[in-house]
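Asks: I am sharing model32.cif, which consists of mmCIF, C-alpha atoms:
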data_structure
loop_
_atom_site.label_atom_id
_atom_site.label_comp_id
_atom_site.auth_asym_id
_atom_site.auth_seq_id
_atom_site.Cartn_x
_atom_site.Cartn_y
_atom_site.Cartn_z
CA MET A 16 0.00 0.00 0.00
CA HIS A 17 1.42 3.38 -0.99
CA LEU A 18 0.67 6.06 1.60
CA PRO A 19 0.82 9.74 0.60
CA PRO A 20 3.94 11.59 1.93
CA TRP A 21 1.90 13.76 4.31
CA PHE A 22 0.27 10.73 6.00
CA TRP A 23 2.95 10.03 8.65
CA PHE A 24 3.33 13.71 9.54
CA GLY A 25 -0.47 13.90 9.84
CA LEU A 26 -0.51 10.81 12.05
CA ILE A 27 2.00 12.36 14.52
CA THR A 28 -0.18 15.51 14.62
CA LEU A 29 -3.26 13.37 15.25
CA VAL A 30 -1.67 11.45 18.13
CA SER A 31 0.00 14.44 19.82
CA TRP A 32 -3.15 16.60 19.60
CA GLY A 33 -5.20 13.63 20.83
CA ILE A 34 -3.05 13.56 23.99
CA VAL A 35 -3.39 17.37 24.21
CA GLY A 36 -7.19 16.91 24.27
CA LEU A 37 -6.82 14.74 27.37
CA LEU A 38 -4.27 17.03 29.09
CA GLN A 39 -6.52 20.04 28.45
CA LYS A 40 -9.28 18.33 30.35
CA LEU A 41 -6.89 17.54 33.22
CA SER A 42 -5.27 21.00 33.29
CA THR A 43 -8.59 22.89 33.51
CA ASN A 44 -9.46 20.77 36.56
CA HIS A 45 -6.70 22.71 38.35
CA LEU A 46 -6.39 26.02 36.47
CA SER A 47 -8.68 28.69 35.02
CA ALA A 48 -9.01 28.66 31.23
CA GLU A 49 -6.93 31.86 31.00
CA TRP A 50 -3.94 30.47 32.91
CA ALA A 51 -4.23 27.16 31.04
CA LEU A 52 -3.86 29.16 27.79
CA VAL A 53 -0.88 31.13 29.15
CA TRP A 54 1.03 28.02 30.29
CA LEU A 55 0.22 26.31 27.00
CA ALA A 56 1.88 29.26 25.26
CA VAL A 57 4.88 28.92 27.61
CA GLY A 58 5.04 25.23 26.66
CA PHE A 59 5.44 26.23 23.01
CA PHE A 60 8.56 28.20 23.98
CA PHE A 61 10.22 25.10 25.47
CA LEU A 62 10.63 23.89 21.88
CA GLU A 63 12.04 27.20 20.59
CA PRO A 64 15.77 26.49 21.28
CA TRP A 65 15.55 23.40 19.03
CA LEU A 66 13.57 25.21 16.35
CA TYR A 67 15.63 28.44 16.26
CA PRO A 68 16.71 28.73 12.61
CA GLY A 69 19.61 31.17 13.25
CA LYS A 70 20.48 33.63 10.51
CA MET A 71 18.36 31.64 8.04
CA LEU A 72 15.30 33.32 9.60
CA PHE A 73 16.12 36.58 7.86
CA THR A 74 16.44 34.98 4.42
CA TYR A 75 12.71 34.31 4.17
CA SER A 76 10.33 36.88 2.74
CA ALA A 77 8.64 39.22 5.23
CA ARG A 78 5.32 38.28 3.64
CA ASN A 79 5.65 34.56 4.44
CA LEU A 80 7.07 35.25 7.92
CA GLY A 81 3.95 37.41 8.38
CA TRP A 82 1.75 34.44 7.41
CA ALA A 83 3.58 32.26 9.98
CA LEU A 84 3.07 34.86 12.73
CA LEU A 85 -0.56 35.42 11.71
CA SER A 86 -1.18 31.67 11.91
CA GLY A 87 -0.10 31.79 15.58
CA VAL A 88 -2.35 34.79 16.29
CA PHE A 89 -5.33 33.10 14.58
CA ASN A 90 -4.74 29.84 16.46
CA ALA A 91 -4.49 31.62 19.82
CA LEU A 92 -7.59 33.76 19.13
CA GLY A 93 -9.51 30.61 18.16
CA ALA A 94 -8.41 28.91 21.40
CA TRP A 95 -9.50 31.97 23.40
CA ALA A 96 -12.87 32.14 21.59
CA LEU A 97 -13.44 28.44 22.38
CA LEU A 98 -12.72 29.05 26.08
CA ALA A 99 -14.94 32.16 26.03
CA ALA A 100 -17.79 30.16 24.44
CA LEU A 101 -17.55 27.61 27.26
CA LYS A 102 -17.38 30.37 29.90
CA SER A 103 -20.46 32.17 28.51
CA GLY A 104 -22.77 29.23 29.03
CA GLY A 105 -22.09 27.11 25.97
CA LYS A 106 -22.35 23.39 26.74
CA ALA A 107 -19.14 21.47 26.03
CA SER A 108 -21.19 18.83 24.20
CA ILE A 109 -22.32 21.49 21.70
CA VAL A 110 -19.34 23.89 21.59
CA ALA A 111 -16.69 21.16 21.08
CA PRO A 112 -18.24 19.58 17.96
CA PHE A 113 -19.27 23.02 16.63
CA THR A 114 -15.72 24.41 16.82
CA ALA A 115 -14.29 21.17 15.38
CA LEU A 116 -15.97 22.11 12.11
CA TYR A 117 -13.14 24.50 11.15
CA PRO A 118 -12.07 22.20 8.25
CA LEU A 119 -15.32 23.30 6.57
CA VAL A 120 -13.94 26.84 6.28
CA VAL A 121 -10.84 25.37 4.63
CA VAL A 122 -12.84 23.16 2.22
CA PHE A 123 -14.73 26.22 0.96
CA ALA A 124 -11.85 28.70 1.05
CA ALA A 125 -9.02 26.50 -0.34
CA PRO A 126 -10.29 26.47 -3.97
CA VAL A 127 -10.51 30.29 -3.94
CA ILE A 128 -7.41 31.22 -1.91
CA LEU A 129 -5.06 28.27 -2.55
CA HIS A 130 -6.43 27.21 -5.96
CA GLU A 131 -6.69 23.58 -4.77
CA SER A 132 -9.45 21.17 -5.67
CA ILE A 133 -10.38 17.78 -4.18
CA THR A 134 -11.33 14.48 -5.84
CA ALA A 135 -14.76 12.90 -5.25
CA LEU A 136 -13.16 10.20 -3.04
CA GLN A 137 -11.32 12.82 -0.95
CA GLY A 138 -14.66 14.65 -0.63
CA VAL A 139 -16.24 11.48 0.79
CA GLY A 140 -13.30 11.15 3.21
CA ILE A 141 -13.69 14.77 4.37
CA VAL A 142 -17.44 14.27 4.99
CA CYS A 143 -16.68 11.06 6.97
CA ALA A 144 -14.03 12.92 9.01
CA LEU A 145 -16.36 15.83 9.80
CA VAL A 146 -19.19 13.49 10.85
CA ALA A 147 -16.69 11.50 12.96
CA VAL A 148 -15.38 14.60 14.73
CA VAL A 149 -18.89 15.82 15.59
CA LEU A 150 -19.93 12.38 16.91
CA LEU A 151 -16.67 11.76 18.82
CA SER A 152 -17.02 15.13 20.56
CA ALA A 153 -20.30 14.02 22.12
CA GLU A 154 -19.75 13.97 25.90
CA SER A 155 -18.83 10.57 27.25
CA SER A 156 -20.02 9.39 30.64
CA PRO A 157 -17.69 8.49 33.52
CA SER A 158 -17.95 4.88 34.63
CA MET P 11 -39.99 35.24 11.82
CA ARG P 12 -38.51 34.59 15.30
CA MET P 13 -34.75 34.46 15.72
CA PRO P 14 -33.51 31.03 17.01
CA GLU P 15 -32.40 31.24 20.66
CA ALA P 16 -28.86 30.07 19.83
CA LEU P 17 -28.30 33.11 17.58
CA LYS P 18 -28.91 35.40 20.57
CA ALA P 19 -26.43 33.53 22.78
CA LYS P 20 -22.89 34.82 23.30
CA TRP P 21 -21.41 31.30 23.21
CA PHE P 22 -22.75 30.79 19.66
CA TRP P 23 -20.91 33.81 18.29
CA TYR P 24 -17.74 32.95 20.21
CA SER P 25 -17.92 29.48 18.60
CA VAL P 26 -18.38 31.03 15.14
CA LEU P 27 -15.36 33.26 15.85
CA CYS P 28 -13.35 30.16 16.83
CA VAL P 29 -14.25 28.32 13.62
CA LEU P 30 -13.35 31.35 11.49
CA CYS P 31 -10.06 31.94 13.37
CA TRP P 32 -8.99 28.29 13.04
CA GLY P 33 -9.93 28.40 9.34
CA GLY P 34 -7.68 31.47 9.08
CA TRP P 35 -4.93 29.63 11.00
CA VAL P 36 -4.94 26.74 8.47
CA LEU P 37 -4.95 29.01 5.42
CA SER P 38 -2.17 31.29 6.71
CA SER P 39 -0.17 28.19 7.75
CA LYS P 40 -0.41 26.75 4.24
CA LEU P 41 0.57 30.09 2.66
CA GLY P 42 3.60 30.38 4.96
CA THR P 43 4.79 26.80 4.34
CA ASN P 44 5.06 27.51 0.60
CA GLU P 45 8.46 29.03 1.44
CA ILE P 46 9.27 28.45 5.11
CA PRO P 47 10.31 25.01 6.50
CA ALA P 48 8.19 23.39 9.24
CA GLY P 49 10.65 24.08 12.11
CA THR P 50 10.88 27.79 11.35
CA MET P 51 7.10 28.01 10.88
CA GLN P 52 6.57 26.59 14.39
CA PHE P 53 9.29 28.91 15.78
CA VAL P 54 7.55 32.04 14.41
CA PHE P 55 4.02 30.68 15.10
CA ALA P 56 4.71 30.53 18.87
CA PHE P 57 5.29 34.31 18.97
CA GLY P 58 1.72 34.82 17.72
CA PHE P 59 0.49 33.51 21.10
CA ILE P 60 2.19 36.27 23.11
CA PRO P 61 -0.18 39.18 22.29
CA VAL P 62 -3.29 37.01 22.71
CA ALA P 63 -2.12 35.49 26.03
CA LEU P 64 -1.26 38.97 27.37
CA LEU P 65 -4.59 40.37 26.16
CA VAL P 66 -6.54 37.58 27.87
CA LEU P 67 -4.67 38.13 31.16
CA VAL P 68 -5.19 41.92 31.07
CA LEU P 69 -8.86 41.79 30.02
CA LYS P 70 -9.88 39.05 32.45
CA ARG P 71 -7.71 40.39 35.34
CA VAL P 72 -7.15 36.86 36.64
CA ARG P 73 -4.91 36.36 39.66
CA PHE P 74 -1.90 34.07 39.46
CA GLU P 75 -2.75 30.43 40.10
CA LYS P 76 -0.01 28.21 41.47
CA SER P 77 -1.33 24.69 40.95
CA VAL P 78 1.79 22.66 40.15
CA LYS P 79 -0.35 19.91 38.63
CA GLY P 80 -2.31 22.32 36.44
CA ILE P 81 0.86 24.13 35.30
CA SER P 82 2.59 20.81 34.50
CA TYR P 83 -0.36 19.56 32.45
CA SER P 84 -0.57 22.88 30.56
CA LEU P 85 3.18 22.95 29.86
CA GLY P 86 2.91 19.37 28.56
CA ASN P 87 0.00 20.58 26.44
CA GLY P 88 2.10 23.33 24.92
CA ILE P 89 5.03 20.99 24.14
CA LEU P 90 2.79 18.32 22.56
CA ALA P 91 0.68 20.89 20.70
CA GLY P 92 3.94 22.36 19.40
CA ILE P 93 5.16 18.95 18.18
CA GLY P 94 1.76 18.38 16.52
CA GLY P 95 1.94 21.84 14.94
CA LEU P 96 5.45 21.16 13.67
CA THR P 97 4.39 17.94 11.91
CA LEU P 98 1.24 19.64 10.59
CA PHE P 99 3.42 22.31 8.95
CA ALA P 100 5.58 19.49 7.53
CA ALA P 101 2.45 17.79 6.15
CA TYR P 102 1.30 21.04 4.48
CA ARG P 103 4.79 21.57 3.10
CA SER P 104 4.88 18.05 1.61
CA GLY P 105 2.43 19.25 -1.04
CA GLY P 106 -0.65 17.28 0.04
CA ASN P 107 -4.13 18.72 -0.39
CA THR P 108 -4.80 21.29 2.37
CA SER P 109 -8.48 20.35 2.84
CA VAL P 110 -7.64 16.63 3.13
CA ILE P 111 -4.75 17.13 5.59
CA THR P 112 -6.86 19.52 7.71
CA ALA P 113 -9.83 17.12 7.86
CA ALA P 114 -7.54 14.13 8.63
CA THR P 115 -5.66 15.87 11.47
CA ALA P 116 -8.92 17.29 12.89
CA LEU P 117 -9.75 13.66 13.75
CA TYR P 118 -7.63 13.98 16.92
CA PRO P 119 -10.70 13.56 19.21
CA LEU P 120 -10.43 9.90 18.14
CA ILE P 121 -7.20 9.58 20.15
CA THR P 122 -8.60 11.67 23.04
CA VAL P 123 -11.64 9.40 23.29
CA ILE P 124 -9.48 6.25 23.27
CA LEU P 125 -7.18 7.73 25.97
CA ALA P 126 -10.18 8.88 28.04
CA ILE P 127 -11.43 5.28 28.03
CA LEU P 128 -8.02 3.85 28.99
CA ILE P 129 -6.88 6.49 31.52
CA LEU P 130 -9.98 8.30 32.82
CA ARG P 131 -12.12 5.14 32.66
CA GLU P 132 -14.81 6.97 30.70
CA ARG P 133 -17.32 4.95 28.71
CA LEU P 134 -18.27 5.50 25.08
CA ASN P 135 -21.83 6.49 24.29
CA TRP P 136 -23.42 5.09 21.12
CA LEU P 137 -22.83 8.33 19.18
CA GLN P 138 -19.09 8.04 19.85
CA VAL P 139 -19.09 4.40 18.71
CA VAL P 140 -20.67 5.48 15.39
CA GLY P 141 -18.12 8.32 15.29
CA LEU P 142 -15.26 5.83 15.65
CA GLY P 143 -16.61 3.98 12.59
CA PHE P 144 -16.69 7.19 10.52
CA ALA P 145 -13.16 8.10 11.69
CA VAL P 146 -11.79 4.71 10.64
CA ALA P 147 -13.55 5.05 7.26
CA ALA P 148 -12.07 8.53 6.77
CA ILE P 149 -8.53 7.34 7.63
CA ILE P 150 -8.82 4.41 5.19
CA ILE P 151 -10.07 6.72 2.40
CA PHE P 152 -7.28 9.27 3.03
CA SER P 153 -4.65 6.52 2.91
CA LEU P 154 -5.80 5.31 -0.56
#
Represent the structure from my file as structure tokens, please.
Replies:
Amino acid sequence: MHLPPWFWFGLITLVSWGIVGLLQKLSTNHLSAEWALVWLAVGFFFLEPWLYPGKMLFTYSARNLGWALLSGVFNALGAWALLAALKSGGKASIVAPFTALYPLVVVFAAPVILHESITALQGVGIVCALVAVVLLSAESSPS
Amino acid sequence: MRMPEALKAKWFWYSVLCVLCWGGWVLSSKLGTNEIPAGTMQFVFAFGFIPVALLVLVLKRVRFEKSVKGISYSLGNGILAGIGGLTLFAAYRSGGNTSVITAATALYPLITVILAILILRERLNWLQVVGLGFAVAAIIIFSL
């Protein structure tokens, strides 16, 4: 079976973010959402010494460095909006699957902004993934 | 015509904002990875959290909380989220379809649910069982 090159990278993302989902639950048992977000940001900086690109950083275009920075701002704002939704009375069983629908924005925007199209089979896969995410985010009961 | 109750609720609009922001995060990530390698993307990405974290602390005026457990879990979160982000940038950079990669990696609740069963001893409800089936189907389709 020939797996696409992105598959293994995607799998590592899937597993590490899956563990993050569990740790988030555990961390907010002990901290407010705001401090959980702050310490999460601090956690990112633990990786910075290994990721520091040195002088190479200044060889990239300001435009693309801007996209990289903006992606961090967008991600953090999204995380804050999710926490704010939960704080303002949104039920986790509704807010979690709702906010997990962000790939829909990408499916509609990618053809226009990135000039990418998907095959019919990939479309079926995306629909399956979206349905799965919504169903998996349904609150489970403690035993 | 009456406006649905959800449209009047704050949480609904915060959720919409979250979806739009995370859509923006994916698109700006893909645009950046056209030139910048995954490691440098993650390095610069982390700095985007500083203004938002400071803004949240100032606006909410929350007092410092010194739960060692909570801080340790959150730091672990940041490190793992960073590793996941790094490999996501690598996946985007490998030239795969952005919509497909985004939908595949958004399946991470699958792992959370499995871990919650193993570690927190939570039980699956029937909706989650059906969800597991859809997730497996999606992964098989993406791997074709």
Asks: List every protein, DNA or RNA residue with an atom no more than 9 Å from (1.4, 29.1, 3.1) in the file's coordinates, counting all atoms listed in the file, and format the result as a ChimeraX atom specification.
Replies: /A:79,82-83,129 /P:36-46,102-103
Asks: Select, as a tab-separated table (two decimals) with C-alpha atoms, in the frame of the given file, those residues of chain P with any atom no more than 6 Å from chain A (distances computed using only C-alpha atoms).
Replies:
chain	number	residue	atom	x	y	z
P	21	TRP	CA	-21.41	31.30	23.21
P	24	TYR	CA	-17.74	32.95	20.21
P	25	SER	CA	-17.92	29.48	18.60
P	28	CYS	CA	-13.35	30.16	16.83
P	29	VAL	CA	-14.25	28.32	13.62
P	31	CYS	CA	-10.06	31.94	13.37
P	32	TRP	CA	-8.99	28.29	13.04
P	33	GLY	CA	-9.93	28.40	9.34
P	35	TRP	CA	-4.93	29.63	11.00
P	38	SER	CA	-2.17	31.29	6.71
P	39	SER	CA	-0.17	28.19	7.75
P	42	GLY	CA	3.60	30.38	4.96
P	49	GLY	CA	10.65	24.08	12.11
P	51	MET	CA	7.10	28.01	10.88
P	53	PHE	CA	9.29	28.91	15.78
P	54	VAL	CA	7.55	32.04	14.41
P	55	PHE	CA	4.02	30.68	15.10
P	56	ALA	CA	4.71	30.53	18.87
P	58	GLY	CA	1.72	34.82	17.72
P	59	PHE	CA	0.49	33.51	21.10
P	63	ALA	CA	-2.12	35.49	26.03
P	80	GLY	CA	-2.31	22.32	36.44
P	83	TYR	CA	-0.36	19.56	32.45
P	84	SER	CA	-0.57	22.88	30.56
P	85	LEU	CA	3.18	22.95	29.86
P	87	ASN	CA	0.00	20.58	26.44
P	88	GLY	CA	2.10	23.33	24.92
P	89	ILE	CA	5.03	20.99	24.14
P	90	LEU	CA	2.79	18.32	22.56
P	91	ALA	CA	0.68	20.89	20.70
P	92	GLY	CA	3.94	22.36	19.40
P	94	GLY	CA	1.76	18.38	16.52
P	97	THR	CA	4.39	17.94	11.91
P	98	LEU	CA	1.24	19.64	10.59
P	101	ALA	CA	2.45	17.79	6.15
P	104	SER	CA	4.88	18.05	1.61
P	109	SER	CA	-8.48	20.35	2.84
P	112	THR	CA	-6.86	19.52	7.71
P	113	ALA	CA	-9.83	17.12	7.86
P	115	THR	CA	-5.66	15.87	11.47
P	117	LEU	CA	-9.75	13.66	13.75
P	118	TYR	CA	-7.63	13.98	16.92
P	119	PRO	CA	-10.70	13.56	19.21
P	121	ILE	CA	-7.20	9.58	20.15
P	122	THR	CA	-8.60	11.67	23.04
P	132	GLU	CA	-14.81	6.97	30.70
P	133	ARG	CA	-17.32	4.95	28.71
P	134	LEU	CA	-18.27	5.50	25.08
P	135	ASN	CA	-21.83	6.49	24.29
P	137	LEU	CA	-22.83	8.33	19.18
P	138	GLN	CA	-19.09	8.04	19.85
P	141	GLY	CA	-18.12	8.32	15.29
P	144	PHE	CA	-16.69	7.19	10.52
P	145	ALA	CA	-13.16	8.10	11.69
P	148	ALA	CA	-12.07	8.53	6.77
P	151	ILE	CA	-10.07	6.72	2.40
P	153	SER	CA	-4.65	6.52	2.91
Asks: So the first atom is CA of Ala114 (chain P) and the second is CA of Ala135 (chain A); what is the distance between them in Å, to one decimal place?
Replies: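 That distance, rounded to one decimal, is 15.7 Å.
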Asks: Report, in Å to a single decimal, how far apart CA of Leu30 (chain P) and CA of Pro61 (chain P) are.
Replies: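 Interatomic distance here is 18.7 Å.
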Asks: Find the distance between CA of Leu130 (chain P) and CA of Lys76 (chain P) and write it in Å to one decimal.
Replies: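 Separating CA of Leu130 (chain P) from CA of Lys76 (chain P) is a distance of 23.9 Å.
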Asks: Counting all atoms listed in the file, figure out which residue out of P:Leu69, P:Leu142, P:Ala100, P:Leu17 gets nearest to Leu120 (chain P).
Replies: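 Using all atoms listed in the file, Leu120 (chain P) sits closest to P:Leu142.
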Asks: How big is the axis-aligned box, and where does its centre sit, when it encloses all atoms of region 41-50 of chain P listed in the file and has 3 Å added on every side, reported in Å to one decimal as AutoDock Vina command-line options?
Replies:
--center_x 5.7 --center_y 26.9 --center_z 6.4 --size_x 16.3 --size_y 13.0 --size_z 17.5
Asks: Which one is closest to Leu96 (chain P): P:Gly34, P:Val78, P:Val26, P:Gln52? Count all atoms listed in the file.
Replies: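 Among the listed residues, P:Gln52 lies closest to Leu96 (chain P).
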Asks: Would you save region 34-96 of chain A from the block above with C-alpha atoms, as a JSON list (two decimals), in the first residue's frame?
Replies:
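Output (part_2.json):
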[["chain", "number", "residue", "atom", "x", "y", "z"],
["A", 34, "ILE", "CA", -3.05, 13.56, 23.99],
["A", 35, "VAL", "CA", -3.39, 17.37, 24.21],
["A", 36, "GLY", "CA", -7.19, 16.91, 24.27],
["A", 37, "LEU", "CA", -6.82, 14.74, 27.37],
["A", 38, "LEU", "CA", -4.27, 17.03, 29.09],
["A", 39, "GLN", "CA", -6.52, 20.04, 28.45],
["A", 40, "LYS", "CA", -9.28, 18.33, 30.35],
["A", 41, "LEU", "CA", -6.89, 17.54, 33.22],
["A", 42, "SER", "CA", -5.27, 21.00, 33.29],
["A", 43, "THR", "CA", -8.59, 22.89, 33.51],
["A", 44, "ASN", "CA", -9.46, 20.77, 36.56],
["A", 45, "HIS", "CA", -6.70, 22.71, 38.35],
["A", 46, "LEU", "CA", -6.39, 26.02, 36.47],
["A", 47, "SER", "CA", -8.68, 28.69, 35.02],
["A", 48, "ALA", "CA", -9.01, 28.66, 31.23],
["A", 49, "GLU", "CA", -6.93, 31.86, 31.00],
["A", 50, "TRP", "CA", -3.94, 30.47, 32.91],
["A", 51, "ALA", "CA", -4.23, 27.16, 31.04],
["A", 52, "LEU", "CA", -3.86, 29.16, 27.79],
["A", 53, "VAL", "CA", -0.88, 31.13, 29.15],
["A", 54, "TRP", "CA", 1.03, 28.02, 30.29],
["A", 55, "LEU", "CA", 0.22, 26.31, 27.00],
["A", 56, "ALA", "CA", 1.88, 29.26, 25.26],
["A", 57, "VAL", "CA", 4.88, 28.92, 27.61],
["A", 58, "GLY", "CA", 5.04, 25.23, 26.66],
["A", 59, "PHE", "CA", 5.44, 26.23, 23.01],
["A", 60, "PHE", "CA", 8.56, 28.20, 23.98],
["A", 61, "PHE", "CA", 10.22, 25.10, 25.47],
["A", 62, "LEU", "CA", 10.63, 23.89, 21.88],
["A", 63, "GLU", "CA", 12.04, 27.20, 20.59],
["A", 64, "PRO", "CA", 15.77, 26.49, 21.28],
["A", 65, "TRP", "CA", 15.55, 23.40, 19.03],
["A", 66, "LEU", "CA", 13.57, 25.21, 16.35],
["A", 67, "TYR", "CA", 15.63, 28.44, 16.26],
["A", 68, "PRO", "CA", 16.71, 28.73, 12.61],
["A", 69, "GLY", "CA", 19.61, 31.17, 13.25],
["A", 70, "LYS", "CA", 20.48, 33.63, 10.51],
["A", 71, "MET", "CA", 18.36, 31.64, 8.04],
["A", 72, "LEU", "CA", 15.30, 33.32, 9.60],
["A", 73, "PHE", "CA", 16.12, 36.58, 7.86],
["A", 74, "THR", "CA", 16.44, 34.98, 4.42],
["A", 75, "TYR", "CA", 12.71, 34.31, 4.17],
["A", 76, "SER", "CA", 10.33, 36.88, 2.74],
["A", 77, "ALA", "CA", 8.64, 39.22, 5.23],
["A", 78, "ARG", "CA", 5.32, 38.28, 3.64],
["A", 79, "ASN", "CA", 5.65, 34.56, 4.44],
["A", 80, "LEU", "CA", 7.07, 35.25, 7.92],
["A", 81, "GLY", "CA", 3.95, 37.41, 8.38],
["A", 82, "TRP", "CA", 1.75, 34.44, 7.41],
["A", 83, "ALA", "CA", 3.58, 32.26, 9.98],
["A", 84, "LEU", "CA", 3.07, 34.86, 12.73],
["A", 85, "LEU", "CA", -0.56, 35.42, 11.71],
["A", 86, "SER", "CA", -1.18, 31.67, 11.91],
["A", 87, "GLY", "CA", -0.10, 31.79, 15.58],
["A", 88, "VAL", "CA", -2.35, 34.79, 16.29],
["A", 89, "PHE", "CA", -5.33, 33.10, 14.58],
["A", 90, "ASN", "CA", -4.74, 29.84, 16.46],
["A", 91, "ALA", "CA", -4.49, 31.62, 19.82],
["A", 92, "LEU", "CA", -7.59, 33.76, 19.13],
["A", 93, "GLY", "CA", -9.51, 30.61, 18.16],
["A", 94, "ALA", "CA", -8.41, 28.91, 21.40],
["A", 95, "TRP", "CA", -9.50, 31.97, 23.40],
["A", 96, "ALA", "CA", -12.87, 32.14, 21.59]]
